[in-house]
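Shown next: start.txt, given as compact mmCIF, C-alpha atoms.
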# COMPACT_ATOMS: atom_id res chain seq x y z
CA MET I 1 -104.13 -153.79 19.80
CA TYR I 2 -107.84 -152.99 19.47
CA ASP I 3 -108.67 -149.35 20.09
CA PHE I 4 -110.46 -148.10 23.19
CA ALA I 5 -111.71 -144.89 24.74
CA TYR I 6 -109.33 -143.34 27.27
CA HIS I 7 -110.41 -141.68 30.51
CA LYS I 8 -108.27 -140.06 33.18
CA PRO I 9 -110.36 -139.34 36.28
CA THR I 10 -108.91 -137.36 39.19
CA SER I 11 -110.86 -138.96 42.05
CA VAL I 12 -111.59 -142.51 43.20
CA ALA I 13 -115.33 -141.77 43.06
CA ASP I 14 -115.14 -140.73 39.39
CA ALA I 15 -113.00 -143.75 38.53
CA VAL I 16 -115.51 -146.10 40.18
CA LYS I 17 -118.31 -144.55 38.08
CA LEU I 18 -116.32 -145.08 34.88
CA LEU I 19 -115.58 -148.69 35.87
CA ALA I 20 -119.31 -149.41 36.21
CA ASP I 21 -119.06 -150.17 32.49
CA PRO I 22 -118.28 -153.92 32.51
CA ASP I 23 -116.06 -153.55 29.43
CA ALA I 24 -113.90 -150.83 30.97
CA LYS I 25 -110.53 -151.67 32.53
CA ALA I 26 -108.43 -149.80 35.07
CA VAL I 27 -104.81 -149.05 34.24
CA SER I 28 -101.95 -147.23 35.95
CA GLY I 29 -98.39 -148.03 34.82
CA GLY I 30 -99.72 -150.27 32.06
CA HIS I 31 -96.75 -152.63 32.13
CA THR I 32 -98.93 -155.71 32.33
CA LEU I 33 -102.08 -154.50 30.61
CA VAL I 34 -100.45 -152.92 27.54
CA PRO I 35 -98.56 -156.13 26.61
CA ALA I 36 -101.80 -158.09 27.17
CA LEU I 37 -103.71 -155.71 24.90
CA LYS I 38 -101.00 -156.02 22.23
CA HIS I 39 -101.63 -159.77 22.22
CA ARG I 40 -105.37 -159.11 22.01
CA LEU I 41 -105.83 -161.13 25.18
CA ASN I 42 -108.26 -158.49 26.32
CA LYS I 43 -110.63 -156.16 24.50
CA PRO I 44 -111.75 -153.34 26.80
CA THR I 45 -113.93 -150.64 25.26
CA ALA I 46 -112.40 -148.09 27.63
CA LEU I 47 -109.28 -147.70 29.74
CA VAL I 48 -109.64 -145.79 32.99
CA ASP I 49 -106.19 -144.39 33.78
CA LEU I 50 -105.94 -144.02 37.56
CA SER I 51 -102.58 -142.25 37.52
CA GLY I 52 -104.11 -138.80 38.02
CA ILE I 53 -105.76 -139.66 41.36
CA ALA I 54 -103.68 -137.88 44.01
CA GLU I 55 -105.39 -139.61 46.96
CA MET I 56 -103.98 -142.98 45.82
CA LYS I 57 -100.33 -141.90 45.96
CA GLY I 58 -97.69 -141.81 48.65
CA ILE I 59 -96.07 -143.75 51.47
CA LYS I 60 -96.71 -143.02 55.14
CA ARG I 61 -96.23 -144.63 58.50
CA VAL I 62 -99.48 -145.02 60.43
CA GLY I 63 -99.02 -146.50 63.90
CA ASN I 64 -97.28 -149.84 63.54
CA ALA I 65 -97.80 -150.08 59.81
CA ILE I 66 -96.59 -148.64 56.52
CA VAL I 67 -99.47 -147.57 54.28
CA ILE I 68 -98.62 -147.38 50.60
CA GLY I 69 -100.92 -145.79 48.03
CA ALA I 70 -101.84 -148.08 45.15
CA LEU I 71 -100.30 -145.78 42.53
CA THR I 72 -96.90 -145.85 44.18
CA ARG I 73 -94.38 -147.11 41.65
CA HIS I 74 -91.94 -149.92 42.44
CA VAL I 75 -88.98 -147.53 42.22
CA GLU I 76 -90.56 -145.33 44.89
CA VAL I 77 -91.07 -148.22 47.31
CA ALA I 78 -87.53 -149.48 46.60
CA ASN I 79 -86.01 -146.07 47.39
CA SER I 80 -88.30 -145.03 50.25
CA ALA I 81 -86.32 -144.27 53.42
CA GLU I 82 -89.49 -144.97 55.42
CA VAL I 83 -89.98 -148.45 53.91
CA LYS I 84 -86.27 -149.30 54.11
CA ALA I 85 -86.23 -148.44 57.80
CA ALA I 86 -89.47 -150.19 58.77
CA ILE I 87 -89.72 -153.21 56.43
CA PRO I 88 -86.43 -153.55 54.52
CA ALA I 89 -87.56 -156.81 52.91
CA LEU I 90 -90.43 -154.95 51.23
CA ALA I 91 -88.05 -152.36 49.75
CA TYR I 92 -85.73 -155.19 48.67
CA MET I 93 -88.61 -157.01 46.99
CA ALA I 94 -89.67 -153.85 45.11
CA SER I 95 -86.08 -153.19 44.01
CA HIS I 96 -85.96 -156.58 42.29
CA ILE I 97 -89.21 -156.47 40.29
CA GLY I 98 -88.70 -156.76 36.53
CA ASP I 99 -86.05 -154.29 35.40
CA VAL I 100 -85.31 -150.59 35.92
CA GLN I 101 -87.81 -149.45 33.31
CA VAL I 102 -90.59 -151.69 34.65
CA ARG I 103 -89.95 -150.33 38.15
CA ASN I 104 -90.10 -146.76 36.81
CA ARG I 105 -93.66 -147.31 35.54
CA GLY I 106 -95.22 -150.30 37.29
CA THR I 107 -97.34 -149.69 40.39
CA MET I 108 -98.09 -151.68 43.53
CA GLY I 109 -101.84 -151.54 42.99
CA GLY I 110 -101.55 -152.79 39.44
CA SER I 111 -99.38 -155.73 40.41
CA VAL I 112 -101.53 -156.81 43.35
CA SER I 113 -104.87 -156.34 41.53
CA ASN I 114 -103.62 -158.38 38.59
CA ASN I 115 -102.37 -161.24 40.80
CA ASP I 116 -100.10 -162.78 38.22
CA PRO I 117 -98.87 -166.08 39.69
CA ALA I 118 -95.30 -165.02 38.88
CA ALA I 119 -95.56 -161.47 40.27
CA ASP I 120 -93.48 -160.43 43.31
CA TYR I 121 -95.89 -158.20 45.23
CA PRO I 122 -98.52 -160.82 46.14
CA ALA I 123 -95.85 -162.74 48.09
CA ALA I 124 -95.03 -159.67 50.18
CA VAL I 125 -98.71 -158.84 50.76
CA LEU I 126 -99.53 -162.39 51.86
CA GLY I 127 -96.22 -162.99 53.60
CA LEU I 128 -96.59 -159.89 55.74
CA GLY I 129 -100.30 -160.39 56.36
CA ALA I 130 -101.12 -156.97 54.91
CA THR I 131 -104.56 -155.37 54.69
CA ILE I 132 -105.85 -154.24 51.31
CA HIS I 133 -107.82 -150.99 51.27
CA THR I 134 -110.28 -150.60 48.41
CA SER I 135 -112.80 -148.04 47.24
CA LYS I 136 -115.42 -149.72 49.45
CA ARG I 137 -113.83 -151.90 52.17
CA LYS I 138 -110.75 -153.43 53.75
CA ILE I 139 -109.74 -157.00 52.88
CA ALA I 140 -107.23 -159.19 54.72
CA ALA I 141 -104.49 -160.61 52.50
CA ASP I 142 -105.61 -164.14 53.40
CA ASP I 143 -109.00 -163.41 51.80
CA PHE I 144 -107.76 -161.45 48.80
CA PHE I 145 -105.85 -163.76 46.45
CA LEU I 146 -108.41 -166.25 45.11
CA GLY I 147 -106.70 -167.91 42.14
CA MET I 148 -104.75 -167.34 38.96
CA PHE I 149 -105.26 -163.67 37.99
CA THR I 150 -108.24 -163.64 40.36
CA THR I 151 -108.76 -161.56 43.49
CA ALA I 152 -111.63 -160.65 45.80
CA LEU I 153 -112.01 -157.28 44.05
CA ASP I 154 -115.37 -156.62 42.38
CA ALA I 155 -115.28 -155.38 38.78
CA ASP I 156 -115.95 -151.78 39.84
CA GLU I 157 -113.82 -151.90 43.00
CA ILE I 158 -110.44 -150.20 43.07
CA LEU I 159 -107.49 -151.14 45.26
CA THR I 160 -106.54 -147.76 46.79
CA ALA I 161 -103.79 -148.60 49.31
CA ILE I 162 -102.15 -151.45 51.23
CA GLU I 163 -101.35 -151.43 54.91
CA PHE I 164 -98.23 -153.48 55.67
CA PRO I 165 -97.70 -154.29 59.37
CA ILE I 166 -94.20 -153.64 60.66
CA VAL I 167 -92.88 -157.06 61.66
CA ASP I 168 -89.85 -158.19 63.67
CA LYS I 169 -88.17 -159.93 60.75
CA ALA I 170 -88.91 -160.48 57.08
CA GLY I 171 -87.05 -161.78 54.05
CA TYR I 172 -87.64 -162.53 50.39
CA ALA I 173 -85.81 -164.74 47.92
CA LYS I 174 -86.73 -165.74 44.41
CA MET I 175 -85.43 -167.63 41.42
CA LYS I 176 -86.31 -165.66 38.34
CA ASN I 177 -86.56 -166.70 34.76
CA PRO I 178 -83.43 -165.25 33.15
CA ALA I 179 -85.28 -163.96 30.07
CA SER I 180 -88.62 -162.68 31.33
CA ARG I 181 -87.45 -162.04 34.93
CA TYR I 182 -90.75 -163.40 36.18
CA VAL I 183 -90.58 -165.49 39.32
CA MET I 184 -90.09 -169.25 38.88
CA ALA I 185 -90.45 -169.73 42.62
CA GLY I 186 -90.20 -167.21 45.42
CA VAL I 187 -90.70 -167.23 49.17
CA PHE I 188 -91.51 -164.31 51.45
CA VAL I 189 -91.18 -165.01 55.19
CA SER I 190 -92.04 -162.85 58.17
CA LYS I 191 -92.01 -163.12 61.94
CA ALA I 192 -94.00 -160.92 64.28
CA GLY I 193 -93.82 -162.12 67.87
CA GLY I 194 -94.77 -165.80 67.72
CA THR I 195 -96.56 -165.46 64.39
CA VAL I 196 -94.70 -166.73 61.34
CA ARG I 197 -95.96 -166.38 57.78
CA VAL I 198 -94.48 -168.08 54.71
CA ALA I 199 -95.89 -167.08 51.31
CA VAL I 200 -94.89 -168.82 48.09
CA ASN I 201 -95.21 -167.17 44.66
CA GLY I 202 -94.32 -168.25 41.15
CA ALA I 203 -94.51 -171.95 41.93
CA GLY I 204 -98.29 -172.44 41.80
CA PRO I 205 -101.23 -170.91 39.97
CA CYS I 206 -101.69 -168.40 42.80
CA VAL I 207 -99.61 -167.21 45.76
CA PHE I 208 -100.16 -169.49 48.78
CA ARG I 209 -99.09 -169.96 52.39
CA GLN I 210 -96.91 -172.90 53.31
CA ALA I 211 -98.34 -174.10 56.63
CA ASP I 212 -95.76 -176.82 57.37
CA MET I 213 -92.90 -174.34 57.05
CA GLU I 214 -94.74 -171.79 59.20
CA ALA I 215 -95.13 -174.37 61.98
CA ALA I 216 -91.50 -175.43 61.75
CA LEU I 217 -90.26 -171.83 61.84
CA ALA I 218 -92.52 -170.89 64.74
CA ALA I 219 -90.73 -173.60 66.73
CA ASN I 220 -87.25 -172.84 65.40
CA TRP I 221 -86.54 -169.70 63.36
CA SER I 222 -83.61 -170.84 61.22
CA PRO I 223 -83.00 -172.04 57.66
CA ASP I 224 -82.32 -175.52 59.04
CA ALA I 225 -85.87 -175.74 60.36
CA VAL I 226 -87.30 -176.06 56.83
CA ALA I 227 -84.48 -178.20 55.42
CA GLY I 228 -86.38 -181.45 55.79
CA ILE I 229 -89.70 -180.17 54.42
CA LYS I 230 -90.41 -181.50 50.94
CA GLN I 231 -92.83 -179.45 48.87
CA ASP I 232 -95.36 -181.59 46.99
CA PRO I 233 -95.14 -180.86 43.22
CA ASP I 234 -98.79 -181.83 42.78
CA GLY I 235 -100.70 -178.71 41.73
CA LEU I 236 -97.60 -176.62 41.03
CA ASN I 237 -96.89 -175.06 37.64
CA GLY I 238 -94.98 -177.07 35.07
CA ASP I 239 -94.08 -175.43 31.75
CA ILE I 240 -91.20 -174.90 29.33
CA HIS I 241 -89.40 -172.84 31.98
CA GLY I 242 -89.38 -175.58 34.60
CA SER I 243 -91.22 -178.70 35.70
CA ALA I 244 -93.47 -178.86 38.76
CA GLU I 245 -90.83 -181.04 40.44
CA TYR I 246 -88.16 -178.42 39.79
CA ARG I 247 -90.37 -175.66 41.19
CA ALA I 248 -91.16 -177.79 44.25
CA HIS I 249 -87.44 -178.14 44.89
CA LEU I 250 -86.94 -174.40 44.39
CA VAL I 251 -89.55 -173.60 47.05
CA GLY I 252 -87.39 -175.27 49.68
CA VAL I 253 -84.22 -173.56 48.47
CA MET I 254 -85.85 -170.13 48.30
CA ALA I 255 -87.38 -170.58 51.76
CA LYS I 256 -83.97 -171.22 53.26
CA ARG I 257 -82.53 -168.16 51.49
CA ALA I 258 -85.44 -165.96 52.56
CA ILE I 259 -85.02 -166.96 56.21
CA ALA I 260 -81.29 -166.37 56.01
CA ALA I 261 -81.94 -162.94 54.47
CA ALA I 262 -84.40 -162.10 57.26
CA GLY I 263 -81.72 -162.88 59.83
CA MET V 264 -109.58 -138.84 19.14
CA PRO V 265 -107.47 -137.91 22.18
CA GLN V 266 -105.05 -135.04 21.75
CA VAL V 267 -101.66 -135.07 23.46
CA THR V 268 -99.18 -132.28 24.01
CA LEU V 269 -95.66 -133.20 24.98
CA THR V 270 -92.21 -131.68 24.87
CA VAL V 271 -89.78 -133.85 22.92
CA ASN V 272 -86.09 -132.89 22.89
CA GLY V 273 -87.02 -129.34 23.85
CA GLN V 274 -89.75 -128.86 21.25
CA THR V 275 -93.44 -128.85 22.10
CA HIS V 276 -95.66 -131.00 19.91
CA THR V 277 -99.40 -131.45 19.87
CA ALA V 278 -100.79 -134.48 18.07
CA GLU V 279 -104.03 -136.38 17.69
CA VAL V 280 -103.58 -140.01 18.63
CA GLU V 281 -105.74 -143.07 19.18
CA GLY V 282 -106.07 -144.41 22.70
CA ARG V 283 -104.03 -147.41 21.59
CA THR V 284 -101.19 -145.41 20.01
CA LEU V 285 -97.91 -146.33 21.67
CA LEU V 286 -95.47 -143.61 22.63
CA VAL V 287 -92.88 -145.19 20.34
CA GLU V 288 -95.34 -145.02 17.44
CA LEU V 289 -95.96 -141.33 18.09
CA LEU V 290 -92.20 -140.70 18.22
CA ARG V 291 -91.27 -142.72 15.13
CA GLU V 292 -94.27 -142.39 12.85
CA THR V 293 -95.74 -138.98 13.68
CA LEU V 294 -92.65 -137.05 14.80
CA ARG V 295 -90.31 -139.06 12.53
CA LEU V 296 -87.78 -139.55 15.32
CA THR V 297 -86.68 -142.98 14.17
CA GLY V 298 -83.62 -143.25 16.42
CA THR V 299 -85.79 -144.95 19.04
CA HIS V 300 -86.07 -148.58 17.95
CA VAL V 301 -88.65 -151.30 18.39
CA GLY V 302 -86.95 -154.61 19.03
CA CYS V 303 -89.02 -157.22 20.82
CA ASP V 304 -92.21 -155.15 21.29
CA THR V 305 -92.76 -157.12 24.52
CA SER V 306 -91.03 -154.85 27.09
CA GLN V 307 -87.98 -157.07 27.35
CA CYS V 308 -85.23 -155.83 25.01
CA GLY V 309 -85.04 -152.13 25.84
CA ALA V 310 -84.27 -150.87 22.30
CA CYS V 311 -87.20 -148.46 22.71
CA VAL V 312 -86.01 -146.79 25.94
CA VAL V 313 -86.56 -143.02 26.13
CA HIS V 314 -86.70 -140.67 29.09
CA ILE V 315 -90.03 -139.43 30.41
CA ASN V 316 -89.44 -136.57 32.85
CA GLY V 317 -85.83 -137.73 33.17
CA GLU V 318 -86.53 -141.41 33.91
CA SER V 319 -85.88 -144.30 31.54
CA VAL V 320 -89.05 -145.89 30.22
CA LYS V 321 -89.87 -148.49 27.57
CA SER V 322 -91.78 -146.50 24.99
CA CYS V 323 -93.22 -149.64 23.36
CA THR V 324 -95.14 -150.34 26.57
CA THR V 325 -96.28 -146.78 27.25
CA LEU V 326 -99.37 -145.35 25.62
CA ALA V 327 -98.91 -141.95 24.00
CA VAL V 328 -101.85 -140.62 26.03
CA MET V 329 -99.99 -141.55 29.23
CA ALA V 330 -97.17 -139.17 28.21
CA ASP V 331 -99.53 -136.21 27.80
CA GLY V 332 -97.90 -133.16 29.38
CA ALA V 333 -94.58 -134.94 29.85
CA THR V 334 -91.06 -133.99 28.86
CA VAL V 335 -89.56 -136.70 26.66
CA THR V 336 -85.94 -137.09 25.62
CA THR V 337 -84.92 -139.45 22.84
CA ILE V 338 -81.51 -140.39 21.46
CA GLU V 339 -81.85 -137.51 18.96
CA GLY V 340 -81.99 -135.04 21.85
CA LEU V 341 -78.59 -135.87 23.38
CA ALA V 342 -76.01 -134.29 21.09
CA LYS V 343 -75.58 -130.51 21.11
CA ALA V 344 -76.78 -128.43 18.17
CA ASP V 345 -73.20 -128.17 16.87
CA GLY V 346 -72.97 -131.96 16.73
CA THR V 347 -70.92 -132.43 19.90
CA LEU V 348 -71.87 -135.83 21.25
CA HIS V 349 -73.16 -136.46 24.76
CA PRO V 350 -70.38 -138.02 26.91
CA MET V 351 -72.28 -141.33 26.86
CA GLN V 352 -72.41 -141.32 23.06
CA GLU V 353 -68.74 -140.35 22.91
CA ALA V 354 -67.84 -143.17 25.31
CA PHE V 355 -69.82 -145.73 23.28
CA ARG V 356 -67.82 -144.66 20.22
CA GLU V 357 -64.46 -144.67 22.02
CA TYR V 358 -64.99 -148.09 23.60
CA HIS V 359 -66.55 -149.74 20.56
CA ALA V 360 -69.63 -150.44 22.67
CA LEU V 361 -71.72 -151.48 19.69
CA GLN V 362 -71.57 -153.77 16.74
CA CYS V 363 -74.83 -153.68 14.76
CA GLY V 364 -76.10 -150.69 16.70
CA PHE V 365 -79.72 -151.76 16.98
CA CYS V 366 -79.79 -151.82 20.79
CA THR V 367 -77.58 -148.73 21.10
CA PRO V 368 -80.20 -145.96 21.40
CA GLY V 369 -81.90 -147.80 24.26
CA MET V 370 -78.58 -148.72 25.87
CA VAL V 371 -77.44 -145.09 25.83
CA MET V 372 -80.73 -143.79 27.25
CA SER V 373 -80.77 -146.41 30.03
CA ALA V 374 -77.11 -145.78 30.78
CA ILE V 375 -77.61 -142.02 31.19
CA ASP V 376 -80.50 -142.58 33.63
CA LEU V 377 -78.37 -145.11 35.51
CA VAL V 378 -75.41 -142.74 35.85
CA GLN V 379 -77.64 -139.84 36.88
CA LYS V 380 -79.23 -141.98 39.61
CA HIS V 381 -75.79 -142.83 41.05
CA PRO V 382 -74.12 -139.48 41.71
CA ASP V 383 -71.54 -141.16 43.96
CA GLY V 384 -70.31 -143.43 41.18
CA LEU V 385 -71.06 -146.96 40.05
CA THR V 386 -69.43 -150.33 40.47
CA GLU V 387 -69.16 -152.69 37.51
CA GLN V 388 -71.79 -154.88 39.19
CA GLU V 389 -74.19 -151.93 39.49
CA ILE V 390 -73.72 -151.10 35.82
CA ARG V 391 -74.43 -154.70 34.81
CA GLU V 392 -77.53 -154.89 37.02
CA GLY V 393 -78.68 -151.49 35.77
CA LEU V 394 -78.66 -152.82 32.20
CA GLU V 395 -80.98 -155.70 33.07
CA GLY V 396 -83.71 -154.22 30.90
CA ASN V 397 -81.55 -153.87 27.79
CA LEU V 398 -80.52 -156.75 25.58
CA CYS V 399 -77.59 -156.73 23.15
CA ARG V 400 -77.40 -159.70 20.78
CA CYS V 401 -73.92 -158.94 19.43
CA THR V 402 -72.37 -159.90 22.82
CA GLY V 403 -71.23 -156.34 23.30
CA TYR V 404 -71.83 -156.09 27.03
CA HIS V 405 -68.19 -155.92 28.12
CA ASN V 406 -67.46 -152.84 26.07
CA ILE V 407 -70.84 -151.29 26.95
CA VAL V 408 -69.99 -151.63 30.65
CA LYS V 409 -66.56 -150.05 30.08
CA ALA V 410 -68.10 -147.20 28.10
CA ILE V 411 -70.65 -146.44 30.82
CA ALA V 412 -67.94 -146.37 33.49
CA ALA V 413 -65.90 -143.96 31.36
CA ALA V 414 -68.91 -141.75 30.65
CA ALA V 415 -69.84 -141.72 34.36
CA ASP V 416 -66.44 -140.21 35.19
CA VAL V 417 -67.14 -137.32 32.81
CA MET V 418 -70.81 -136.91 33.77
CA HIS V 419 -69.81 -136.83 37.45
CA GLY V 420 -67.08 -134.27 36.77
CA LYS V 421 -64.16 -136.55 37.68
CA ARG V 422 -62.64 -136.12 34.22
CA THR V 423 -63.14 -133.55 31.49
CA GLU V 424 -62.78 -135.98 28.60
CA ILE V 425 -63.63 -139.63 28.03
CA ALA V 426 -60.65 -141.78 29.04
CA SER V 427 -58.95 -143.39 26.09
CA ALA V 428 -59.88 -147.00 25.42
CA ALA V 429 -56.27 -147.73 24.46
CA GLN V 430 -54.65 -149.63 27.32

Could I get this structure in the form of structure tokens?
Amino acid sequence: MYDFAYHKPTSVADAVKLLADPDAKAVSGGHTLVPALKHRLNKPTALVDLSGIAEMKGIKRVGNAIVIGALTRHVEVANSAEVKAAIPALAYMASHIGDVQVRNRGTMGGSVSNNDPAADYPAAVLGLGATIHTSKRKIAADDFFLGMFTTALDADEILTAIEFPIVDKAGYAKMKNPASRYVMAGVFVSKAGGTVRVAVNGAGPCVFRQADMEAALAANWSPDAVAGIKQDPDGLNGDIHGSAEYRAHLVGVMAKRAIAAAG
Amino acid sequence: MPQVTLTVNGQTHTAEVEGRTLLVELLRETLRLTGTHVGCDTSQCGACVVHINGESVKSCTTLAVMADGATVTTIEGLAKADGTLHPMQEAFREYHALQCGFCTPGMVMSAIDLVQKHPDGLTEQEIREGLEGNLCRCTGYHNIVKAIAAAADVMHGKRTEIASAAQ
């Protein structure tokens, strides 16, 4: 790992100033960035540790939504009585990220800002149609995830919180790589009135919505409704862990399981 | 260079570190607490697990500066001053829950956090899932699971001594 300067600001405003340096990087739990730095995949001159910013912590219900501060760790979302009551699928998703130790350190904001194709959180954010709050604006989930490890965030913009709407039903299912525990293919479904959202992670270079499944489920909310839908492997990830054809097949299987889990 | 102050196994230490210094490097190389192991160095194997403020954490993926002000417990901090083992250590010995021993410090630290987080007891399935972040390459899982169940009974006050492994 190359060395870097280390800063620990206590306000969003101070953190934004420190991130004006184009070679500075934000960090919170560090469970993605530290391994990347070990591999010298990145060479920041400074790390801006956001973990001391109190205004970016906590879980609260605001109207018909759950608002989660970016620094909230996966273990906190998984165990939150508020989240379990309002959006149990979100708590379930958080309780299955990585392993115990990853969940004890990793944060929601870090996972969503990084937008790893095999991360869990982006599926929940897109599948629930959440709204991302940043240091300067609000961004709809549909406009946030732009590509592999790429989001709509500017270099000096910090994800501060995410507003998850409370939906009628939601479910998540994934097939994980048995060694790394990263998602091979996962599906997050939600239903709010007549609006159905189906988000797929792990299978492609970036989380995406599956329009044909959404239409089928809007007409008939049941696992059988998506049984005949064949995912096209074109454009999906193929690697030593699984071919694009295998992942395409998994999308259909995971969709059925997610709908069954949603009930 | 950044300076960190942290309490390790009850003792307060202040050390100068680099930004890039890992917590496990501070523990092993500066404080000479070599019971915490580095296995994979990629956050997967769990040999480096320690407790930060009572929660299990992979110290190979945590920067030393991130632990500034924290209370850290390592495998060296479990036994009493007179050498009496922690119930989890005693159970690992009784149930032969190790072969080469390389993964053991991390297994024990993860297991203690797991038991403490389940005050109402644990099923075998919960123990197995709770060890997801710890790899043993001597195929010792069966005995590790038995040891944790036995230690949980003592830690939860259901027994005063570790149940004998003899059937």

Q: Show me which bits of chain V are within 8 Å of chain I, counting only C-alpha atoms, as a ChimeraX atom specification.
A: /V:265,281-283,305-307,318-321,324-326,393-396

Q: Show which residues sit within 12 Å of region 379-387 of chain V, as a ChimeraX atom specification. Count only C-alpha atoms, and ignore same-chain residues fewer than 2 positions away.
A: /I:75,79,100 /V:314,317-319,351,372-377,389-394,404-421

(Q) Given only C-alpha atoms as the basis, pick out the residue of I:Asp21, I:Glu55, I:Asp232, I:Glu214 nearest to Ala155 (chain I). (A)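 Of the candidates, the smallest distance to Ala155 (chain I) is held by I:Asp21.
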
Q) What is the CA of Ala13 (chain I) to CA of Thr160 (chain I) distance in Å? A)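 Those two atoms sit 11.3 Å apart.
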
Q: Within 9 Å of Met108 (chain I), counting all atoms listed in the file, which residues show up once you throw out same-chain ones fewer than 5 positions away? Write them as a list in words, please.
A: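 My list of contacting residues is Ile68, Gly69, Ala70, Leu71, Thr72, Arg73, His74, Val77, Ala94, Ser113, Tyr121, Ala161 and Ile162 of chain I.
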
Q: Have a look at V:Leu269, V:Ile425, V:Cys308, V:Ala330 and name the one nearest to His349 (chain V); count all atoms listed in the file.
A: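 Counting all atoms listed in the file, the residue closest to His349 (chain V) is V:Ile425.
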
(Q) Need to verify the contact set: region 80-89 of chain I, 9 Å, all atoms listed in the file, exclusion of same-chain residues closer than 6 positions in sequence. Can you return it as a list in words? (A)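 Contacts, in chain order: Ile59, Lys60, Arg61, Ala65, Ile66, Ala124, Phe164, Pro165, Ile166, Val167, Asp168, Lys169, Ala170, Gly171, Tyr172, Phe188, Ala261 and Ala262 of chain I.
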
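Interatomic distance, CA of Met264 (chain V) against CA of Ala24 (chain I): 17.4 Å.
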
Q. Which neighbours of Thr270 (chain V) fall inside 9 Å, counting only C-alpha atoms, when residues of the same chain fewer than 3 positions from it are skipped, and could you give them as an MDAnalysis selection string?
A. chainID V and resid 273:277 332:336

Q) What's the 8 Å shell around Met370 (chain V), counting only C-alpha atoms, without same-chain residues fewer than 6 positions away, as a count of residues only? A) 5

(Q) If I take CA of Arg209 (chain I) and CA of Leu126 (chain I), how far is one from the other in Å, to one decimal? (A)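 Computing the Euclidean distance for CA of Arg209 (chain I) and CA of Leu126 (chain I) yields 7.6 Å.
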
Q.
At a cut-off of 9 Å around the point (-106.0, -164.7, 53.0) (file coordinates), what residues fall inside when counting only C-alpha atoms? I'd like the answer as number ranges by chain.
A. I: 126, 129, 139-146, 208-209
